[in-house]
Amino acid sequence: MDLCGVQLAGPILNGSGTFDAIAARRAFGDALLERFPFDCFVSKTITVEPRQGNPPPRLWEAPGGMINSIGLPNKGLEGFLAADLPQLAELPVPLCVSVMGFDRDELALLVSALAERDEVALVELNVSCPNVETGLIMGADPGETAAAVERVRGLLDRPLIVKLTPNATDPAAVAGAAEAAGADAVSLVNTLKGMALDPRSGRPWLGGRTGGLSGPAVRAIALEQVATVSSRVSIPVIGMGGIASGEHAADFLAMGATAVAVGTESFRDPAAGRRIGAELAALGGGAAAATADLPA
Amino acid sequence: MDLCGVQLAGPILNGSGTFDAIAARRAFGDALLERFPFDCFVSKTITVEPRQGNPPPRLWEAPGGMINSIGLPNKGLEGFLAADLPQLAELPVPLCVSVMGFDRDELALLVSALAERDEVALVELNVSCPNVETGLIMGADPGETAAAVERVRGLLDRPLIVKLTPNATDPAAVAGAAEAAGADAVSLVNTLKGMALDPRSGRPWLGGRTGGLSGPAVRAIALEQVATVSSRVSIPVIGMGGIASGEHAADFLAMGATAVAVGTESFRDPAAGRRIGAELAALGGGAAAATADLPA
Amino acid sequence: MSGGEPRTLAPPERRRTEITANEKIGAYSLITGRDPDGPGEPRPGQFYMLASAERWGGGEGERPYLPRAFSYARARPGPDGVELSFLLEDVGPGTHRLGELRPGDGLHVLGPLGIGFTPPPDGRRAVLCGGGIGAAPLLCWQEERSGGTEILLGFRSAAHAECASLFAGAPTVVTDDGSVGRQALVTEPLRATLEDDPRAAVYACGPPAMLEGVRALCAELEVPAQLAMESGMACGFGACFGCVVPTRAGFVRLCVDGPVLDAARLETALTPGAGH
Amino acid sequence: MSGGEPRTLAPPERRRTEITANEKIGAYSLITGRDPDGPGEPRPGQFYMLASAERWGGGEGERPYLPRAFSYARARPGPDGVELSFLLEDVGPGTHRLGELRPGDGLHVLGPLGIGFTPPPDGRRAVLCGGGIGAAPLLCWQEERSGGTEILLGFRSAAHAECASLFAGAPTVVTDDGSVGRQALVTEPLRATLEDDPRAAVYACGPPAMLEGVRALCAELEVPAQLAMESGMACGFGACFGCVVPTRAGFVRLCVDGPVLDAARLETALTPGAGH
Ligand SMILES: Cc1cc2nc3c(=O)[nH]c(=O)nc-3n(C[C@H](O)[C@H](O)[C@H](O)COP(=O)(O)OP(=O)(O)OC[C@H]3O[C@@H](n4cnc5c(N)ncnc54)[C@H](O)[C@@H]3O)c2cc1C
Ligand SMILES: Cc1cc2nc3c(=O)[nH]c(=O)nc-3n(C[C@H](O)[C@H](O)[C@H](O)COP(=O)(O)OP(=O)(O)OC[C@H]3O[C@@H](n4cnc5c(N)ncnc54)[C@H](O)[C@@H]3O)c2cc1C
Ligand SMILES: Cc1cc2nc3c(=O)[nH]c(=O)nc-3n(C[C@H](O)[C@H](O)[C@H](O)COP(=O)(O)O)c2cc1C
Ligand SMILES: Cc1cc2nc3c(=O)[nH]c(=O)nc-3n(C[C@H](O)[C@H](O)[C@H](O)COP(=O)(O)O)c2cc1C
Ligand code: FES
Ligand code: FES
């Protein structure tokens, strides 16, 4: 299939931050590359400066899912380019790099650095963070999102995906603004803001106090947002949120998604992406969707 | 305990639309009144005109919860006052009537009619619907919410609760606007927008196409919103969303709620409210919270 | 009973019963629970909301999460409370889990709920007409109406038809595949008996398409009919407004205004989302 | 093994094993699964992510939803693949469900994962020090280090101490309540043996407070120590970044950079949220 001009063997991506191919290769060796679970690999979100992330505990198991407060630990742009990018380039699938900036200059810095590297097939803007200049969550506000996309659009000759947050009154308006500003695709949903208390102390369990809910619990919410966004934009939509089977993936495709991403389900089985792709292909629709856009 | 000046025997309410005391009395007889599950009864939301509600199917079982697309069926204001109110007045606990208007004039009509009836101890404004004049979801927009509260505030000499929707970028801003406009309390969360497909046809399952997610799946989201809203307003907060045990109730109280409401869990057991109240009392904290505000 | 309706009131809380038997009856399971705290005389056509006490929602299960509705098939007095039997067809996670219960296991019940069957008006004879698992509520209805009932049952196959043996007398059985009785829909013998003698009252339970066939036939022949219907239910006691079916007078909640409805109230017995 | 680390690589997918035994060892359970598709020689200190094949998430379970991490306690070659044993303490829904498994049941495993124990440097003697369920990884480590290991085990009570019988030789056992051995924390006999002869390398596993006691003691006596640590894990293979513990060089993911860490890397072995 074709995703914004990038050829993929199938419609299954990973959700950013839910699969570290470098760490997985340490655990699984080169067998990981031979049986790679995804048709396109999305990196964990990187920022300009290195980040340690949030203090532990970072995980909470919730009904039908989990809450994480990871806090975007990463080596920073330089560390990523030097240490991670060469290893990610060895993966058997196209690479999408996810970036987050705390203001537009940071975003521009990240995108222009990636634009120079041929290993990078696509770039995803993670806009689920506050703009430190305006205080607004970029991805919850159409104007903020449009301004971010406009700032970086000219810096990159490859597809630009905007990852939407579900914690917004009208994600479709944000998607529309991203499209108008030149985004090539949107992906959704990121995690939903959530919280859990330590049963012993009655105080917030997570080191970051609040976290993001993911997994089957959010599937119905994600599917509704994907359906609404798909009906509002004409660029490709990458759907995710609680996908754990080929049937779930088919539901997202039926509601207008061009591709889907698997996140939390990979924690239960690193091969989940491969299984879901196979189940989808067996359903027929998925295979059709996956090949429909291939050039004749 | 005291909720906006209304004395309650404990902090457990029902979520609007999740318990029909009149129908339940047909099924359970007067034993329902002897072992009434809630400390305050909240009616299903009523509108000015009668409504049939959405076509079936109206229910979908989701991971850790359910999606409903009921569509606010009700007898309309006149039918409610004539047929339902006298029966609800027989309940052994104070009555809160939930109302929804499709514009501010409707809200004013509803609130002034209720203001004339002594059986009504509190009124809850369900603002999770679009304002037909502006097209905005009232409860997602601070300005819309404030305007609605201002319009009805002077019409009612009893406590006015504003029920917030979680489908908003910043529910705390909406809560703050409601407080500033004169609301006596806020309650949250209403259901989260969600969707499911018919496994056989691949088309939306629910007659209303989309619906609202409730139950344990939304608990973490609800708790976070209750914590954030509680830290932003000084009026009482009524917390709900997936509460199924005394521990869950205690979590909401610990994060600043004054009282809690039980919704979906009542579908699994009509006595859930009573059980949760007893579990909360056994935890100690709940009993303390429940009596802390009693006049000495 | 209240207000003359065939409705026995339920205690206002879920209670735990203990499974005393689980028998395979061909393709179905007949599970029985001892219910010391519930009323001894539910009315035929009433139902209970069931959930297994273990591995069902609330800390254990993703689905089933909500309880499931089942007509009671039998209620027999015992020394330690009424013994309630339910006839189950395994169609999904809830019925599957219930079918796995073993003697000694806990079964949560709420009920009896809803309105049951009303006796035939003006001396008409009762004709009980079941499709598949719809035989369940007809079993107790036959037991209560000592003698004089005619029973017509349709099944998919011989394995499903085995449950006909639970009925007294000699039910007329037809099957989709002709493996037991004639190969026919149950509306065929129903038409025959009604055309033969229309002084009948029909009591039918089964899949939506069959109920619609019965409804249309009885309307045509001007025979009164009561249909025990199904729809997706979350609560069973009128709380969620989820179980509505369309009637000539608008939507009604099947759990409090049904599940038995007079066929004359319906334009159609087909409801979107009901059946499987 | 890769890069000299004591790490056996895992196949990159979860696989199903079959439970062959589940024995009660006092307060703990020792479950064994036959793993025909996994590597035969995991390294002591490595762990597996486990989930029962039935009634665990994904359609069945609210919690447990994620797999749970367990050090393997024994790996023995068998005709149909390696037999992996895990020693479990029932502390919540996941360990409870695993403890219920019966021979023939399915057990999903991913692993072996993480980095195991490194042999003692420069001819030091190995001192294995376990607290409670922390005995698990020491069992295979003792088996692999034929002879010459000293074993010190601390337990809450006699029921917990029963698992000392799984070890070869005569482990030194102390308990919190004095019901078996002396009433003491395990750091007491550890201090005694290290003060007696500091040419040792300590291998410790147990609750955070005990590990912190071991770390501080070994730092004081300048004895090298390797700690097999715990933290909440979602994935076990570096994907979620959830399992970090603080080290002198910042947070490290325990599942890929541990679970065995050199004590010298830590300022403290106490991590918020770990242990129970
Ligand atoms: C009053 C009444 C009496 C009944 N009496 C009996 C009886 O005596 N014996 C008997 O066997 N059955 C009886 N039923 C039917 C029984 O309640 C259903 O078969 C049962 O609820 C199915 O549950 P399940 O989990 O096994 O299957 P489900 O998976 O719930 O499947 C049942 C149907 O529900 C729909 N469905 C699928 N997934 C979902 C979902 N996630 N959310 C919502 N709907 C979904 C589909 O249409 C599917 O075919 C009765 C029903 C009613 C209303
Ligand atoms: C590398 C490694 C090796 C291990 N080896 C063993 C072993 O050999 N034997 C053994 O018995 N155990 C071992 N453990 C510990 C084992 O993984 C845990 O005991 C197990 O995960 C607990 O799961 P549970 O569902 O039974 O309990 P949980 O309910 O998960 O309780 C465990 C702790 O998690 C926290 N908690 C409670 N609720 C939640 C929630 N909803 N979300 C997140 N955290 C929560 C609390 O601190 C609680 O005390 C090991 C752990 C690691 C990391
Ligand atoms: C542990 C964890 C870490 C995540 N980190 C990131 C991240 O760095 N960047 C990002 O855009 N999304 C991140 N996400 C969100 C996922 O990519 C995905 O949008 C979300 O989890 C919903 O999909 P799922 O339900 O399949 O997990 C993370 C999710 C989890 C669970
Ligand atoms: C079937 C159903 C009907 C509902 N109807 C209403 C309603 O009429 N008015 C309203 O304000 N909220 C309504 N709600 C929302 C609940 O009152 C409550 O806010 C929500 O379900 C979250 O709580 P829970 O998870 O405990 O159910 C309804 C919820 C359900 C499940
Ligand atoms: S099942 Fe809830 S109202 Fe009928
Ligand atoms: S458990 Fe997921 S990174 Fe370690």
# chains A, B, ... in the order shown; residues from 1 in each chain; ligands from 1

$ interface_residues --of "chain B" --to "chain A" --cutoff "6 Å" --atoms "only C-alpha atoms" --output "PyMOL selection string"
chain B and resi 63-64+167-169+193-196+217+220-221+224

$ select_by_dssp --residues "region 22-220 of chain B" --states "strand (DSSP E or B)" --output "ChimeraX atom specification"
/B:40-42,46,51,59-62,65-68,74,95-99,122-126,130,137,160-163,185-188,192-194,197,204,211-214

$ closest_residue --among "B:Gly79, B:Pro270, B:Pro37, B:Gly176" --to "chain C" --atoms "only C-alpha atoms"
B:Pro270

$ residues_near_ligand --ligand "ligand 4" --cutoff "6 Å" --atoms "only C-alpha atoms and all ligand atoms" --output "number ranges by chain"
B: 15-18, 44-45, 68, 72, 126, 189-191, 214-215, 240-243, 262-264; C: 240

$ write_last_selection --atoms "N, CA and C atoms" --output "CSV table (one decimal), in the first residue's frame"
chain,number,residue,atom,x,y,z
B,15,GLY,N,-26.2,8.6,39.1
B,15,GLY,CA,-26.0,9.4,37.9
B,15,GLY,C,-27.3,9.5,37.2
B,16,SER,N,-27.6,10.7,36.7
B,16,SER,CA,-28.8,11.0,36.0
B,16,SER,C,-29.0,10.0,34.9
B,17,GLY,N,-30.2,9.4,34.7
B,17,GLY,CA,-30.4,8.5,33.6
B,17,GLY,C,-29.9,7.1,33.8
B,18,THR,N,-29.5,6.8,35.0
B,18,THR,CA,-29.0,5.4,35.2
B,18,THR,C,-29.9,4.7,36.3
B,44,LYS,N,-33.8,11.2,35.6
B,44,LYS,CA,-33.4,11.2,34.2
B,44,LYS,C,-33.5,12.6,33.7
B,45,THR,N,-32.7,13.1,32.8
B,45,THR,CA,-32.8,14.4,32.2
B,45,THR,C,-34.1,14.6,31.5
B,68,ASN,N,-23.8,3.7,25.4
B,68,ASN,CA,-25.3,3.9,25.2
B,68,ASN,C,-25.6,5.0,24.3
B,72,LEU,N,-32.0,10.6,25.4
B,72,LEU,CA,-32.9,11.3,26.3
B,72,LEU,C,-34.4,11.2,26.1
B,126,ASN,N,-27.9,19.6,32.6
B,126,ASN,CA,-27.1,18.8,31.8
B,126,ASN,C,-26.8,19.6,30.5
B,189,VAL,N,-18.1,12.9,35.7
B,189,VAL,CA,-18.2,13.2,34.3
B,189,VAL,C,-19.5,12.6,33.7
B,190,ASN,N,-19.9,13.2,32.7
B,190,ASN,CA,-20.9,12.6,31.8
B,190,ASN,C,-20.2,11.5,31.0
B,191,THR,N,-20.9,10.9,30.0
B,191,THR,CA,-20.2,9.8,29.3
B,191,THR,C,-19.3,10.4,28.2
B,214,SER,N,-19.3,4.6,29.4
B,214,SER,CA,-19.4,4.7,30.8
B,214,SER,C,-18.9,3.4,31.5
B,215,GLY,N,-18.8,3.4,32.8
B,215,GLY,CA,-18.3,2.3,33.5
B,215,GLY,C,-16.8,2.3,33.8
B,240,MET,N,-18.2,11.3,39.5
B,240,MET,CA,-18.7,10.0,39.0
B,240,MET,C,-18.0,9.6,37.7
B,241,GLY,N,-18.2,8.3,37.4
B,241,GLY,CA,-17.5,7.8,36.2
B,241,GLY,C,-16.8,6.4,36.7
B,242,GLY,N,-17.5,5.3,36.5
B,242,GLY,CA,-16.9,4.0,36.7
B,242,GLY,C,-16.8,3.6,38.2
B,243,ILE,N,-17.5,4.3,39.1
B,243,ILE,CA,-17.4,4.0,40.5
B,243,ILE,C,-18.2,2.7,40.7
B,262,VAL,N,-23.2,7.0,41.4
B,262,VAL,CA,-23.1,5.7,40.9
B,262,VAL,C,-24.0,5.6,39.6
B,263,GLY,N,-23.4,5.2,38.5
B,263,GLY,CA,-24.2,5.1,37.3
B,263,GLY,C,-24.3,3.6,36.8
B,264,THR,N,-23.4,3.3,35.9
B,264,THR,CA,-23.5,2.0,35.2
B,264,THR,C,-23.4,0.8,36.2
C,240,CYS,N,-32.0,1.7,32.4
C,240,CYS,CA,-31.1,2.2,31.4
C,240,CYS,C,-31.8,2.7,30.1

$ residues_around --residues "Val180 (chain D)" --least-positions-apart "5" --cutoff "10 Å" --atoms "only C-alpha atoms" --output "PyMOL selection string"
chain D and resi 154-162+173-175

$ write_last_selection --atoms "N, CA, C and O atoms" --output "PDB file, in the first residue's frame"
ATOM      1  N   GLY D 154      16.140 -15.307  54.177  1.00  0.00           N
ATOM      2  CA  GLY D 154      15.269 -14.763  55.221  1.00  0.00           C
ATOM      3  C   GLY D 154      13.817 -14.901  54.796  1.00  0.00           C
ATOM      4  O   GLY D 154      13.499 -14.707  53.614  1.00  0.00           O
ATOM      5  N   PHE D 155      12.953 -15.248  55.735  1.00  0.00           N
ATOM      6  CA  PHE D 155      11.528 -15.401  55.413  1.00  0.00           C
ATOM      7  C   PHE D 155      10.677 -14.778  56.510  1.00  0.00           C
ATOM      8  O   PHE D 155      11.138 -14.580  57.633  1.00  0.00           O
ATOM      9  N   ARG D 156       9.407 -14.549  56.149  1.00  0.00           N
ATOM     10  CA  ARG D 156       8.467 -13.985  57.111  1.00  0.00           C
ATOM     11  C   ARG D 156       8.096 -15.006  58.181  1.00  0.00           C
ATOM     12  O   ARG D 156       7.956 -14.685  59.339  1.00  0.00           O
ATOM     13  N   SER D 157       7.899 -16.250  57.716  1.00  0.00           N
ATOM     14  CA  SER D 157       7.349 -17.255  58.632  1.00  0.00           C
ATOM     15  C   SER D 157       7.778 -18.635  58.163  1.00  0.00           C
ATOM     16  O   SER D 157       8.359 -18.801  57.086  1.00  0.00           O
ATOM     17  N   ALA D 158       7.427 -19.619  58.938  1.00  0.00           N
ATOM     18  CA  ALA D 158       7.783 -20.999  58.618  1.00  0.00           C
ATOM     19  C   ALA D 158       7.178 -21.438  57.288  1.00  0.00           C
ATOM     20  O   ALA D 158       7.812 -22.156  56.514  1.00  0.00           O
ATOM     21  N   ALA D 159       5.954 -20.996  57.009  1.00  0.00           N
ATOM     22  CA  ALA D 159       5.306 -21.408  55.751  1.00  0.00           C
ATOM     23  C   ALA D 159       6.105 -20.895  54.559  1.00  0.00           C
ATOM     24  O   ALA D 159       6.274 -21.588  53.555  1.00  0.00           O
ATOM     25  N   HIS D 160       6.596 -19.673  54.675  1.00  0.00           N
ATOM     26  CA  HIS D 160       7.403 -19.139  53.585  1.00  0.00           C
ATOM     27  C   HIS D 160       8.760 -19.838  53.517  1.00  0.00           C
ATOM     28  O   HIS D 160       9.314 -20.064  52.450  1.00  0.00           O
ATOM     29  N   ALA D 161       9.282 -20.182  54.686  1.00  0.00           N
ATOM     30  CA  ALA D 161      10.631 -20.771  54.754  1.00  0.00           C
ATOM     31  C   ALA D 161      10.678 -22.168  54.156  1.00  0.00           C
ATOM     32  O   ALA D 161      11.757 -22.688  53.874  1.00  0.00           O
ATOM     33  N   GLU D 162       9.501 -22.779  53.943  1.00  0.00           N
ATOM     34  CA  GLU D 162       9.526 -24.142  53.380  1.00  0.00           C
ATOM     35  C   GLU D 162      10.307 -24.213  52.078  1.00  0.00           C
ATOM     36  O   GLU D 162      10.886 -25.251  51.752  1.00  0.00           O
ATOM     37  N   VAL D 173      18.893 -20.246  57.341  1.00  0.00           N
ATOM     38  CA  VAL D 173      17.562 -19.635  57.264  1.00  0.00           C
ATOM     39  C   VAL D 173      17.296 -18.830  58.527  1.00  0.00           C
ATOM     40  O   VAL D 173      17.549 -19.301  59.639  1.00  0.00           O
ATOM     41  N   VAL D 174      16.809 -17.615  58.331  1.00  0.00           N
ATOM     42  CA  VAL D 174      16.317 -16.822  59.473  1.00  0.00           C
ATOM     43  C   VAL D 174      14.886 -16.416  59.155  1.00  0.00           C
ATOM     44  O   VAL D 174      14.484 -16.401  57.989  1.00  0.00           O
ATOM     45  N   THR D 175      14.113 -16.124  60.187  1.00  0.00           N
ATOM     46  CA  THR D 175      12.724 -15.694  59.948  1.00  0.00           C
ATOM     47  C   THR D 175      12.406 -14.469  60.796  1.00  0.00           C
ATOM     48  O   THR D 175      13.054 -14.217  61.822  1.00  0.00           O
TER      49      THR D 175
END

$ interface_residues --of "chain B" --to "chain C" --cutoff "9 Å" --atoms "only C-alpha atoms" --output "count of residues only"
50

$ residues_around --residues "Ala113 (chain A)" --least-positions-apart "3" --cutoff "10 Å" --atoms "only C-alpha atoms" --output "VMD selection string"
chain A and resid 77 to 78 81 107 to 110 116 to 117 155 to 156

$ residues_around --residues "region 21-30 of chain D" --least-positions-apart "2" --cutoff "9 Å" --atoms "only C-alpha atoms" --output "MDAnalysis selection string"
chainID D and resid 19 32:33 73 85:90 99:104 133 158:163 165:166
